[in-house]
file input-v3.pdb (PDB, C-alpha atoms)
MODEL        1
ATOM      1  CA  MET A   1     -18.521 -19.585  36.838
ATOM      2  CA  GLN A   2     -21.818 -18.654  35.220
ATOM      3  CA  ALA A   3     -20.780 -20.643  32.146
ATOM      4  CA  LEU A   4     -19.962 -23.632  34.369
ATOM      5  CA  TYR A   5     -23.337 -23.438  36.131
ATOM      6  CA  ALA A   6     -25.088 -23.147  32.776
ATOM      7  CA  GLN A   7     -23.388 -26.314  31.524
ATOM      8  CA  LEU A   8     -24.294 -28.109  34.744
ATOM      9  CA  LEU A   9     -27.936 -27.139  34.202
ATOM     10  CA  VAL A  10     -27.798 -28.383  30.611
ATOM     11  CA  GLY A  11     -26.244 -31.587  31.906
ATOM     12  CA  LEU A  12     -29.009 -32.058  34.462
ATOM     13  CA  ILE A  13     -31.675 -31.514  31.801
ATOM     14  CA  ASN A  14     -30.013 -34.006  29.433
ATOM     15  CA  GLY A  15     -29.622 -36.342  32.398
ATOM     16  CA  SER A  16     -33.369 -36.101  33.024
ATOM     17  CA  PHE A  17     -34.071 -37.332  29.496
ATOM     18  CA  TYR A  18     -31.374 -40.004  29.773
ATOM     19  CA  ALA A  19     -32.845 -41.215  33.077
ATOM     20  CA  LEU A  20     -36.452 -41.402  31.831
ATOM     21  CA  LEU A  21     -35.494 -43.126  28.575
ATOM     22  CA  SER A  22     -33.031 -45.551  30.157
ATOM     23  CA  LEU A  23     -35.591 -46.295  32.887
ATOM     24  CA  GLY A  24     -38.108 -47.313  30.230
ATOM     25  CA  LEU A  25     -35.486 -49.484  28.544
ATOM     26  CA  ALA A  26     -34.522 -51.057  31.873
ATOM     27  CA  VAL A  27     -38.162 -51.846  32.677
ATOM     28  CA  ILE A  28     -38.689 -53.489  29.272
ATOM     29  CA  PHE A  29     -35.439 -55.454  29.355
ATOM     30  CA  GLY A  30     -35.619 -56.381  33.015
ATOM     31  CA  MET A  31     -39.239 -57.553  32.852
ATOM     32  CA  LEU A  32     -39.541 -58.770  29.238
ATOM     33  CA  ASN A  33     -35.924 -59.477  28.151
ATOM     34  CA  ILE A  34     -36.413 -57.353  25.019
ATOM     35  CA  ILE A  35     -33.731 -54.943  23.789
ATOM     36  CA  ASN A  36     -36.108 -52.236  22.579
ATOM     37  CA  PHE A  37     -34.289 -50.318  19.844
ATOM     38  CA  ALA A  38     -37.575 -48.606  18.883
ATOM     39  CA  HIS A  39     -37.436 -46.633  22.139
ATOM     40  CA  GLY A  40     -36.042 -43.502  20.482
ATOM     41  CA  ALA A  41     -38.762 -43.536  17.819
ATOM     42  CA  LEU A  42     -41.446 -43.897  20.506
ATOM     43  CA  TYR A  43     -39.887 -40.988  22.410
ATOM     44  CA  MET A  44     -40.271 -38.964  19.216
ATOM     45  CA  MET A  45     -43.873 -40.130  18.870
ATOM     46  CA  GLY A  46     -44.605 -38.816  22.357
ATOM     47  CA  ALA A  47     -43.446 -35.356  21.315
ATOM     48  CA  PHE A  48     -45.491 -35.492  18.101
ATOM     49  CA  VAL A  49     -48.649 -36.615  19.937
ATOM     50  CA  ALA A  50     -48.263 -33.584  22.241
ATOM     51  CA  TYR A  51     -47.814 -31.385  19.155
ATOM     52  CA  PHE A  52     -50.958 -32.817  17.519
ATOM     53  CA  LEU A  53     -52.978 -32.452  20.716
ATOM     54  CA  LEU A  54     -52.082 -28.771  20.941
ATOM     55  CA  ASN A  55     -52.321 -27.734  17.302
ATOM     56  CA  ILE A  56     -55.251 -29.888  16.119
ATOM     57  CA  TRP A  57     -57.431 -30.323  19.201
ATOM     58  CA  GLY A  58     -56.240 -27.392  21.309
ATOM     59  CA  ILE A  59     -55.294 -29.624  24.246
ATOM     60  CA  ASN A  60     -52.642 -27.953  26.376
ATOM     61  CA  TYR A  61     -49.287 -29.136  27.710
ATOM     62  CA  TRP A  62     -50.615 -30.345  31.060
ATOM     63  CA  TRP A  63     -53.117 -32.714  29.491
ATOM     64  CA  ALA A  64     -50.454 -33.797  26.985
ATOM     65  CA  LEU A  65     -48.285 -34.979  29.894
ATOM     66  CA  LEU A  66     -51.088 -37.423  30.738
ATOM     67  CA  LEU A  67     -52.552 -38.272  27.322
ATOM     68  CA  SER A  68     -49.399 -38.620  25.225
ATOM     69  CA  PRO A  69     -47.863 -41.458  27.314
ATOM     70  CA  ILE A  70     -51.247 -43.225  27.291
ATOM     71  CA  VAL A  71     -51.623 -42.956  23.494
ATOM     72  CA  VAL A  72     -48.065 -44.074  22.763
ATOM     73  CA  GLY A  73     -48.290 -46.741  25.480
ATOM     74  CA  ILE A  74     -51.367 -48.213  23.765
ATOM     75  CA  PHE A  75     -49.482 -48.163  20.455
ATOM     76  CA  GLY A  76     -46.624 -49.996  22.173
ATOM     77  CA  MET A  77     -48.993 -52.596  23.610
ATOM     78  CA  ILE A  78     -50.368 -53.227  20.114
ATOM     79  CA  LEU A  79     -46.796 -53.778  18.888
ATOM     80  CA  GLU A  80     -46.154 -56.212  21.734
ATOM     81  CA  ARG A  81     -49.357 -58.175  21.088
ATOM     82  CA  THR A  82     -48.931 -58.360  17.310
ATOM     83  CA  MET A  83     -45.139 -58.771  16.949
ATOM     84  CA  LEU A  84     -42.956 -58.922  20.032
ATOM     85  CA  LYS A  85     -44.847 -61.703  21.823
ATOM     86  CA  PHE A  86     -43.685 -64.154  19.147
ATOM     87  CA  LEU A  87     -40.049 -63.552  20.180
ATOM     88  CA  THR A  88     -40.547 -65.036  23.665
ATOM     89  CA  GLY A  89     -37.760 -67.496  24.411
ATOM     90  CA  LEU A  90     -35.684 -66.517  21.390
ATOM     91  CA  ASP A  91     -32.248 -64.889  21.405
ATOM     92  CA  HIS A  92     -32.096 -61.163  22.263
ATOM     93  CA  LEU A  93     -30.763 -60.457  18.769
ATOM     94  CA  TYR A  94     -34.192 -61.137  17.211
ATOM     95  CA  GLY A  95     -35.869 -58.529  19.397
ATOM     96  CA  LEU A  96     -33.117 -56.007  18.673
ATOM     97  CA  LEU A  97     -33.421 -56.497  14.897
ATOM     98  CA  LEU A  98     -37.227 -56.315  14.945
ATOM     99  CA  THR A  99     -37.354 -53.159  17.061
ATOM    100  CA  PHE A 100     -34.559 -51.582  14.998
ATOM    101  CA  GLY A 101     -36.642 -52.174  11.878
ATOM    102  CA  LEU A 102     -39.721 -50.717  13.590
ATOM    103  CA  ALA A 103     -37.707 -47.641  14.552
ATOM    104  CA  LEU A 104     -36.635 -47.076  10.939
ATOM    105  CA  ILE A 105     -40.223 -47.459   9.709
ATOM    106  CA  ILE A 106     -41.700 -45.087  12.309
ATOM    107  CA  GLN A 107     -39.012 -42.454  11.744
ATOM    108  CA  GLY A 108     -39.341 -42.793   7.976
ATOM    109  CA  VAL A 109     -43.129 -42.272   8.079
ATOM    110  CA  PHE A 110     -42.860 -39.129  10.211
ATOM    111  CA  GLN A 111     -39.960 -37.788   8.152
ATOM    112  CA  ASN A 112     -41.945 -38.314   4.948
ATOM    113  CA  PHE A 113     -44.851 -36.214   6.262
ATOM    114  CA  PHE A 114     -43.026 -33.605   8.336
ATOM    115  CA  GLY A 115     -39.502 -33.387   6.903
ATOM    116  CA  SER A 116     -36.375 -33.065   9.020
ATOM    117  CA  SER A 117     -36.806 -29.542  10.375
ATOM    118  CA  GLY A 118     -38.135 -28.964  13.873
ATOM    119  CA  LEU A 119     -41.689 -27.934  14.695
ATOM    120  CA  PRO A 120     -42.133 -25.409  17.545
ATOM    121  CA  TYR A 121     -43.926 -26.347  20.746
ATOM    122  CA  SER A 122     -44.435 -23.477  23.153
ATOM    123  CA  ILE A 123     -43.677 -23.543  26.875
ATOM    124  CA  PRO A 124     -46.888 -23.348  28.954
ATOM    125  CA  ASP A 125     -47.583 -19.910  30.436
ATOM    126  CA  GLN A 126     -47.249 -21.187  34.010
ATOM    127  CA  LEU A 127     -43.636 -22.251  33.381
ATOM    128  CA  ARG A 128     -42.352 -19.236  31.464
ATOM    129  CA  GLY A 129     -39.651 -16.915  32.761
ATOM    130  CA  GLY A 130     -36.938 -17.722  35.240
ATOM    131  CA  MET A 131     -35.546 -17.251  38.735
ATOM    132  CA  ASN A 132     -32.408 -15.407  39.761
ATOM    133  CA  LEU A 133     -30.566 -17.719  42.158
ATOM    134  CA  GLY A 134     -27.747 -15.257  42.731
ATOM    135  CA  PHE A 135     -25.064 -17.386  41.113
ATOM    136  CA  MET A 136     -27.099 -18.102  37.942
ATOM    137  CA  PHE A 137     -30.419 -17.494  36.172
ATOM    138  CA  LEU A 138     -32.603 -20.617  36.210
ATOM    139  CA  PRO A 139     -35.324 -20.918  33.542
ATOM    140  CA  VAL A 140     -38.444 -22.178  35.296
ATOM    141  CA  TYR A 141     -39.294 -24.766  32.640
ATOM    142  CA  ARG A 142     -35.860 -26.371  32.782
ATOM    143  CA  GLY A 143     -36.038 -26.604  36.557
ATOM    144  CA  TRP A 144     -39.489 -28.192  36.225
ATOM    145  CA  VAL A 145     -38.140 -30.809  33.799
ATOM    146  CA  VAL A 146     -35.416 -31.898  36.233
ATOM    147  CA  VAL A 147     -37.722 -32.102  39.280
ATOM    148  CA  PHE A 148     -40.621 -33.792  37.472
ATOM    149  CA  SER A 149     -38.322 -36.365  35.825
ATOM    150  CA  LEU A 150     -36.775 -37.239  39.171
ATOM    151  CA  VAL A 151     -40.208 -37.680  40.785
ATOM    152  CA  VAL A 152     -41.433 -39.933  37.941
ATOM    153  CA  CYS A 153     -38.248 -42.026  38.044
ATOM    154  CA  LEU A 154     -38.458 -42.575  41.805
ATOM    155  CA  ALA A 155     -42.191 -43.347  41.615
ATOM    156  CA  THR A 156     -41.533 -45.965  38.927
ATOM    157  CA  TRP A 157     -38.744 -47.512  41.003
ATOM    158  CA  PHE A 158     -41.058 -47.672  44.024
ATOM    159  CA  LEU A 159     -43.831 -49.275  41.937
ATOM    160  CA  ILE A 160     -41.605 -52.041  40.623
ATOM    161  CA  GLU A 161     -39.370 -52.683  43.635
ATOM    162  CA  ARG A 162     -41.610 -51.995  46.646
ATOM    163  CA  THR A 163     -45.211 -52.894  45.739
ATOM    164  CA  ARG A 164     -47.140 -56.128  45.320
ATOM    165  CA  LEU A 165     -47.774 -55.323  41.650
ATOM    166  CA  GLY A 166     -44.030 -54.979  41.094
ATOM    167  CA  ALA A 167     -43.462 -58.309  42.849
ATOM    168  CA  TYR A 168     -45.970 -59.948  40.496
ATOM    169  CA  LEU A 169     -44.177 -58.395  37.509
ATOM    170  CA  ARG A 170     -40.794 -59.704  38.607
ATOM    171  CA  ALA A 171     -42.232 -63.123  39.384
ATOM    172  CA  ALA A 172     -43.972 -63.289  36.001
ATOM    173  CA  THR A 173     -40.641 -62.893  34.213
ATOM    174  CA  GLU A 174     -38.779 -65.403  36.395
ATOM    175  CA  ASN A 175     -41.436 -68.125  36.767
ATOM    176  CA  PRO A 176     -44.536 -67.431  34.611
ATOM    177  CA  THR A 177     -45.959 -70.931  35.168
ATOM    178  CA  LEU A 178     -46.081 -70.441  38.937
ATOM    179  CA  VAL A 179     -47.656 -66.980  38.583
ATOM    180  CA  ARG A 180     -50.356 -68.378  36.267
ATOM    181  CA  ALA A 181     -51.164 -70.923  38.973
ATOM    182  CA  PHE A 182     -52.215 -68.011  41.196
ATOM    183  CA  GLY A 183     -54.751 -66.914  38.574
ATOM    184  CA  ILE A 184     -52.750 -63.984  37.183
ATOM    185  CA  ASN A 185     -52.945 -63.262  33.465
ATOM    186  CA  VAL A 186     -49.217 -63.223  32.627
ATOM    187  CA  PRO A 187     -49.498 -62.224  28.926
ATOM    188  CA  ARG A 188     -51.647 -59.224  29.866
ATOM    189  CA  MET A 189     -49.158 -58.234  32.571
ATOM    190  CA  ILE A 190     -46.287 -58.427  30.088
ATOM    191  CA  THR A 191     -48.208 -56.277  27.604
ATOM    192  CA  LEU A 192     -48.949 -53.658  30.269
ATOM    193  CA  THR A 193     -45.288 -53.648  31.307
ATOM    194  CA  TYR A 194     -44.190 -52.925  27.742
ATOM    195  CA  GLY A 195     -46.788 -50.163  27.599
ATOM    196  CA  LEU A 196     -45.363 -48.686  30.824
ATOM    197  CA  GLY A 197     -41.821 -48.639  29.437
ATOM    198  CA  VAL A 198     -42.970 -47.080  26.169
ATOM    199  CA  GLY A 199     -45.104 -44.548  28.070
ATOM    200  CA  LEU A 200     -42.011 -43.360  29.970
ATOM    201  CA  ALA A 201     -40.293 -42.710  26.636
ATOM    202  CA  ALA A 202     -43.331 -40.750  25.408
ATOM    203  CA  LEU A 203     -43.369 -38.719  28.635
ATOM    204  CA  ALA A 204     -39.732 -37.774  28.037
ATOM    205  CA  GLY A 205     -40.729 -36.705  24.514
ATOM    206  CA  VAL A 206     -43.411 -34.339  25.842
ATOM    207  CA  LEU A 207     -40.947 -32.801  28.318
ATOM    208  CA  SER A 208     -38.364 -32.390  25.557
ATOM    209  CA  ALA A 209     -40.699 -30.801  22.981
ATOM    210  CA  PRO A 210     -40.511 -27.167  24.242
ATOM    211  CA  ILE A 211     -36.711 -27.384  24.614
ATOM    212  CA  ASN A 212     -35.546 -29.315  21.547
ATOM    213  CA  GLN A 213     -38.533 -28.781  19.212
ATOM    214  CA  VAL A 214     -40.408 -31.674  17.642
ATOM    215  CA  ARG A 215     -38.384 -33.507  14.978
ATOM    216  CA  PRO A 216     -38.728 -36.961  13.361
ATOM    217  CA  LEU A 217     -35.092 -37.790  14.160
ATOM    218  CA  MET A 218     -35.017 -36.416  17.705
ATOM    219  CA  GLY A 219     -34.994 -39.948  19.094
ATOM    220  CA  ALA A 220     -32.222 -41.151  16.790
ATOM    221  CA  ASP A 221     -29.932 -38.501  18.304
ATOM    222  CA  LEU A 222     -30.420 -39.923  21.816
ATOM    223  CA  ILE A 223     -30.939 -43.667  21.576
ATOM    224  CA  ILE A 224     -27.273 -44.710  21.295
ATOM    225  CA  VAL A 225     -26.324 -42.590  24.327
ATOM    226  CA  VAL A 226     -29.288 -43.984  26.266
ATOM    227  CA  PHE A 227     -28.222 -47.555  25.530
ATOM    228  CA  ALA A 228     -24.770 -46.666  26.840
ATOM    229  CA  VAL A 229     -26.422 -45.338  30.019
ATOM    230  CA  VAL A 230     -28.341 -48.590  30.468
ATOM    231  CA  VAL A 231     -25.198 -50.679  29.947
ATOM    232  CA  ILE A 232     -23.226 -48.617  32.479
ATOM    233  CA  GLY A 233     -26.006 -48.771  35.072
ATOM    234  CA  GLY A 234     -26.606 -52.473  34.486
ATOM    235  CA  MET A 235     -29.043 -54.016  32.018
ATOM    236  CA  GLY A 236     -32.439 -54.270  33.692
ATOM    237  CA  SER A 237     -31.403 -52.335  36.815
ATOM    238  CA  ILE A 238     -34.080 -49.747  37.627
ATOM    239  CA  MET A 239     -32.168 -47.663  40.172
ATOM    240  CA  GLY A 240     -28.941 -48.069  38.199
ATOM    241  CA  SER A 241     -30.566 -46.469  35.139
ATOM    242  CA  ILE A 242     -31.881 -43.529  37.174
ATOM    243  CA  ILE A 243     -28.605 -42.766  38.943
ATOM    244  CA  THR A 244     -26.471 -43.297  35.839
ATOM    245  CA  GLY A 245     -28.768 -41.195  33.649
ATOM    246  CA  PHE A 246     -28.552 -38.115  35.855
ATOM    247  CA  ALA A 247     -24.853 -38.653  36.656
ATOM    248  CA  LEU A 248     -23.784 -39.012  33.031
ATOM    249  CA  GLY A 249     -25.792 -35.927  32.071
ATOM    250  CA  VAL A 250     -23.841 -33.914  34.657
ATOM    251  CA  ILE A 251     -20.517 -35.461  33.576
ATOM    252  CA  GLU A 252     -21.321 -34.616  29.961
ATOM    253  CA  GLY A 253     -22.110 -31.021  30.968
ATOM    254  CA  LEU A 254     -18.835 -30.689  32.902
ATOM    255  CA  THR A 255     -16.917 -32.114  29.941
ATOM    256  CA  LYS A 256     -18.475 -29.507  27.641
ATOM    257  CA  TYR A 257     -17.093 -26.818  29.955
ATOM    258  CA  PHE A 258     -13.598 -28.183  30.608
ATOM    259  CA  TYR A 259     -12.881 -30.115  27.386
ATOM    260  CA  PRO A 260     -15.640 -29.607  24.755
ATOM    261  CA  GLU A 261     -13.959 -31.822  22.152
ATOM    262  CA  ALA A 262     -14.591 -34.905  24.314
ATOM    263  CA  SER A 263     -18.202 -34.139  25.265
ATOM    264  CA  ASN A 264     -19.686 -36.391  22.567
ATOM    265  CA  THR A 265     -17.516 -39.383  23.465
ATOM    266  CA  VAL A 266     -17.155 -39.212  27.250
ATOM    267  CA  VAL A 267     -20.213 -41.428  27.822
ATOM    268  CA  PHE A 268     -18.819 -44.178  25.598
ATOM    269  CA  VAL A 269     -15.359 -43.937  27.162
ATOM    270  CA  LEU A 270     -16.972 -44.409  30.569
ATOM    271  CA  MET A 271     -18.988 -47.346  29.227
ATOM    272  CA  VAL A 272     -15.814 -49.094  28.037
ATOM    273  CA  LEU A 273     -14.071 -48.486  31.366
ATOM    274  CA  VAL A 274     -17.038 -49.787  33.382
ATOM    275  CA  LEU A 275     -17.372 -52.906  31.225
ATOM    276  CA  LEU A 276     -13.666 -53.643  31.626
ATOM    277  CA  VAL A 277     -13.963 -53.495  35.416
ATOM    278  CA  LYS A 278     -17.532 -54.801  35.922
ATOM    279  CA  PRO A 279     -19.120 -56.368  32.817
ATOM    280  CA  THR A 280     -22.591 -56.473  34.424
ATOM    281  CA  GLY A 281     -22.619 -52.680  34.921
ATOM    282  CA  LEU A 282     -22.414 -50.639  38.108
ATOM    283  CA  THR A 283     -25.529 -52.097  39.747
ATOM    284  CA  GLY A 284     -26.233 -55.091  37.511
ATOM    285  CA  ARG A 285     -26.118 -58.669  38.730
ATOM    286  CA  ALA A 286     -24.630 -61.657  36.964
ATOM    287  CA  ALA A 287     -27.148 -64.008  35.405
TER     288      ALA A 287
ENDMDL
END

call {"tool": "encode", "arguments": {"input": "input-v3.pdb", "output": "structure tokens"}}
result
Amino acid sequence: MQALYAQLLVGLINGSFYALLSLGLAVIFGMLNIINFAHGALYMMGAFVAYFLLNIWGINYWWALLLSPIVVGIFGMILERTMLKFLTGLDHLYGLLLTFGLALIIQGVFQNFFGSSGLPYSIPDQLRGGMNLGFMFLPVYRGWVVVFSLVVCLATWFLIERTRLGAYLRAATENPTLVRAFGINVPRMITLTYGLGVGLAALAGVLSAPINQVRPLMGADLIIVVFAVVVIGGMGSIMGSIITGFALGVIEGLTKYFYPEASNTVVFVLMVLVLLVKPTGLTGRAA
């Protein structure tokens, strides 16, 4: 049973990363209609920014949780202003190809300077150790990752679905001409939305750094699975991405315990089954 609980914990942790990354993708696709294949590379950049902050400027983990998403978010906004804005109104394939090329460039630059091996990033002192729950030993940092990810995901959902700012964002994507008539700067709002989605990826990178180490290809290992999560939840569905991310992490953990050989493919099998039954995803809506 301890092995089962351990795999469930691993599944929850992976689900936390899936949820944060797929949430960022859902925000970008739902608001901007861009399939952002550079998301994995930007997740990796978030981890590297945290590493640089600690080892060059001596800025600790807690500040990195705030600063890294801001830095990478600004980088994302520059990408949107200089490249992605010219794809407005074009087929989704153009955005996918452009962001795929950006991902290869970003990963190639970091791999050229840092190689393929992982760089260590230490767990902050406040989150070291663990708790004995009776039925298992829970490392404090891993518990923190799950709780913090869930809070951030729900806060993002509330911002987009239940606030006036979120209403403006949704309106700007559906009828930008009408929103401009109310004096709202739509291009700036779109840029900030892309920065928000990218910042969520960077935040996931900071959370992942002490667990998975900091590697140039750490995002490439996740991005395909995360796209599968988004497709299952429904492209552009905020709550669908959150629920599906955590659920598929747990399912993956259970599969590793009961049938390890299928653990790397179970997500894609589920994606095929969902698309056969409901092509728009579990919570997606038809166009």

call {"tool": "closest_residue", "arguments": {"input": "input-v3.pdb", "among": "A:Met44, A:Val109, A:Leu12, A:Ala26", "to": "Asp221 in chain A", "atoms": "only C-alpha atoms"}}
result
A:Met44

call {"tool": "resolve_selection", "arguments": {"input": "input-v3.pdb", "expression": "the PyMOL selection byres ((chain A and resi 144) around 12)", "output": "list in words"}}
result
Leu9, Leu12, Ile13, Ser16, Ile123, Pro124, Gln126, Leu127, Arg128, Gly129, Gly130, Met131, Leu138, Pro139, Val140, Tyr141, Arg142, Gly143, Val145, Val146, Val147, Phe148, Ser149, Leu150, Val151, Leu207, Ser208 and Ile211 of chain A

call {"tool": "resolve_selection", "arguments": {"input": "input-v3.pdb", "expression": "the PyMOL selection byres ((chain A and resi 30) around 10)", "output": "list of chain:residue names"}}
result
A:Gly24, A:Leu25, A:Ala26, A:Val27, A:Ile28, A:Phe29, A:Met31, A:Leu32, A:Asn33, A:Ile34, A:Ile35, A:Leu169, A:Arg170, A:Thr173, A:Gly234, A:Met235, A:Gly236, A:Ser237, A:Ile238

call {"tool": "residues_around", "arguments": {"input": "input-v3.pdb", "residues": "Ser68 in chain A", "least_positions_apart": "2", "cutoff": "8 Å", "atoms": "only C-alpha atoms", "output": "ChimeraX atom specification"}}
result
/A:46-47,49-50,64-66,70-72,199,202-203,206

call {"tool": "atom_distance", "arguments": {"input": "input-v3.pdb", "atom1": "CA of Phe113 in chain A", "atom2": "CA of Val214 in chain A"}}
result
13.0 Å

call {"tool": "resolve_selection", "arguments": {"input": "input-v3.pdb", "expression": "the PyMOL selection byres ((chain A and resi 213) around 10)", "output": "ChimeraX atom specification"}}
result
/A:47-48,51,117-122,205-206,208-212,214-215,218

call {"tool": "atom_distance", "arguments": {"input": "input-v3.pdb", "atom1": "CA of Ala19 in chain A", "atom2": "CA of Thr280 in chain A"}}
result
18.4 Å

call {"tool": "atom_distance", "arguments": {"input": "input-v3.pdb", "atom1": "CA of Leu154 in chain A", "atom2": "CA of Ile242 in chain A"}}
result
8.1 Å

call {"tool": "residues_around", "arguments": {"input": "input-v3.pdb", "residues": "range 264-278 of chain A", "least_positions_apart": "6", "cutoff": "7 Å", "atoms": "all atoms listed in the file", "output": "ChimeraX atom specification"}}
result
/A:228,232,248,252

call {"tool": "residues_around", "arguments": {"input": "input-v3.pdb", "residues": "Thr255 in chain A", "least_positions_apart": "6", "cutoff": "10 Å", "atoms": "all atoms listed in the file", "output": "PyMOL selection string"}}
result
chain A and resi 7-8+11+249+261-266

call {"tool": "closest_residue", "arguments": {"input": "input-v3.pdb", "among": "A:Thr244, A:Asn55, A:Thr191, A:Ser116", "to": "Gly15 in chain A", "atoms": "all atoms listed in the file"}}
result
A:Thr244

call {"tool": "closest_residue", "arguments": {"input": "input-v3.pdb", "among": "A:Gly253, A:Leu84, A:Asp125, A:Pro216", "to": "Trp62 in chain A", "atoms": "all atoms listed in the file"}}
result
A:Asp125

call {"tool": "axis_aligned_box", "arguments": {"input": "input-v3.pdb", "around": "range 48-59 of chain A", "padding_each_side": "4 Å", "output": "AutoDock Vina command-line options"}}
result
--center_x -51.5 --center_y -32.0 --center_z 20.2 --size_x 19.9 --size_y 17.2 --size_z 16.1

call {"tool": "closest_residue", "arguments": {"input": "input-v3.pdb", "among": "A:Arg162, A:Gly281, A:Ala181, A:Phe37", "to": "Tyr94 in chain A", "atoms": "only C-alpha atoms"}}
result
A:Phe37

call {"tool": "closest_residue", "arguments": {"input": "input-v3.pdb", "among": "A:Val10, A:Leu23, A:Ala201, A:Leu102", "to": "Met239 in chain A", "atoms": "all atoms listed in the file"}}
result
A:Leu23

call {"tool": "closest_residue", "arguments": {"input": "input-v3.pdb", "among": "A:Gly240, A:Gly233, A:Gly95, A:Gly219", "to": "Gln107 in chain A", "atoms": "all atoms listed in the file"}}
result
A:Gly219
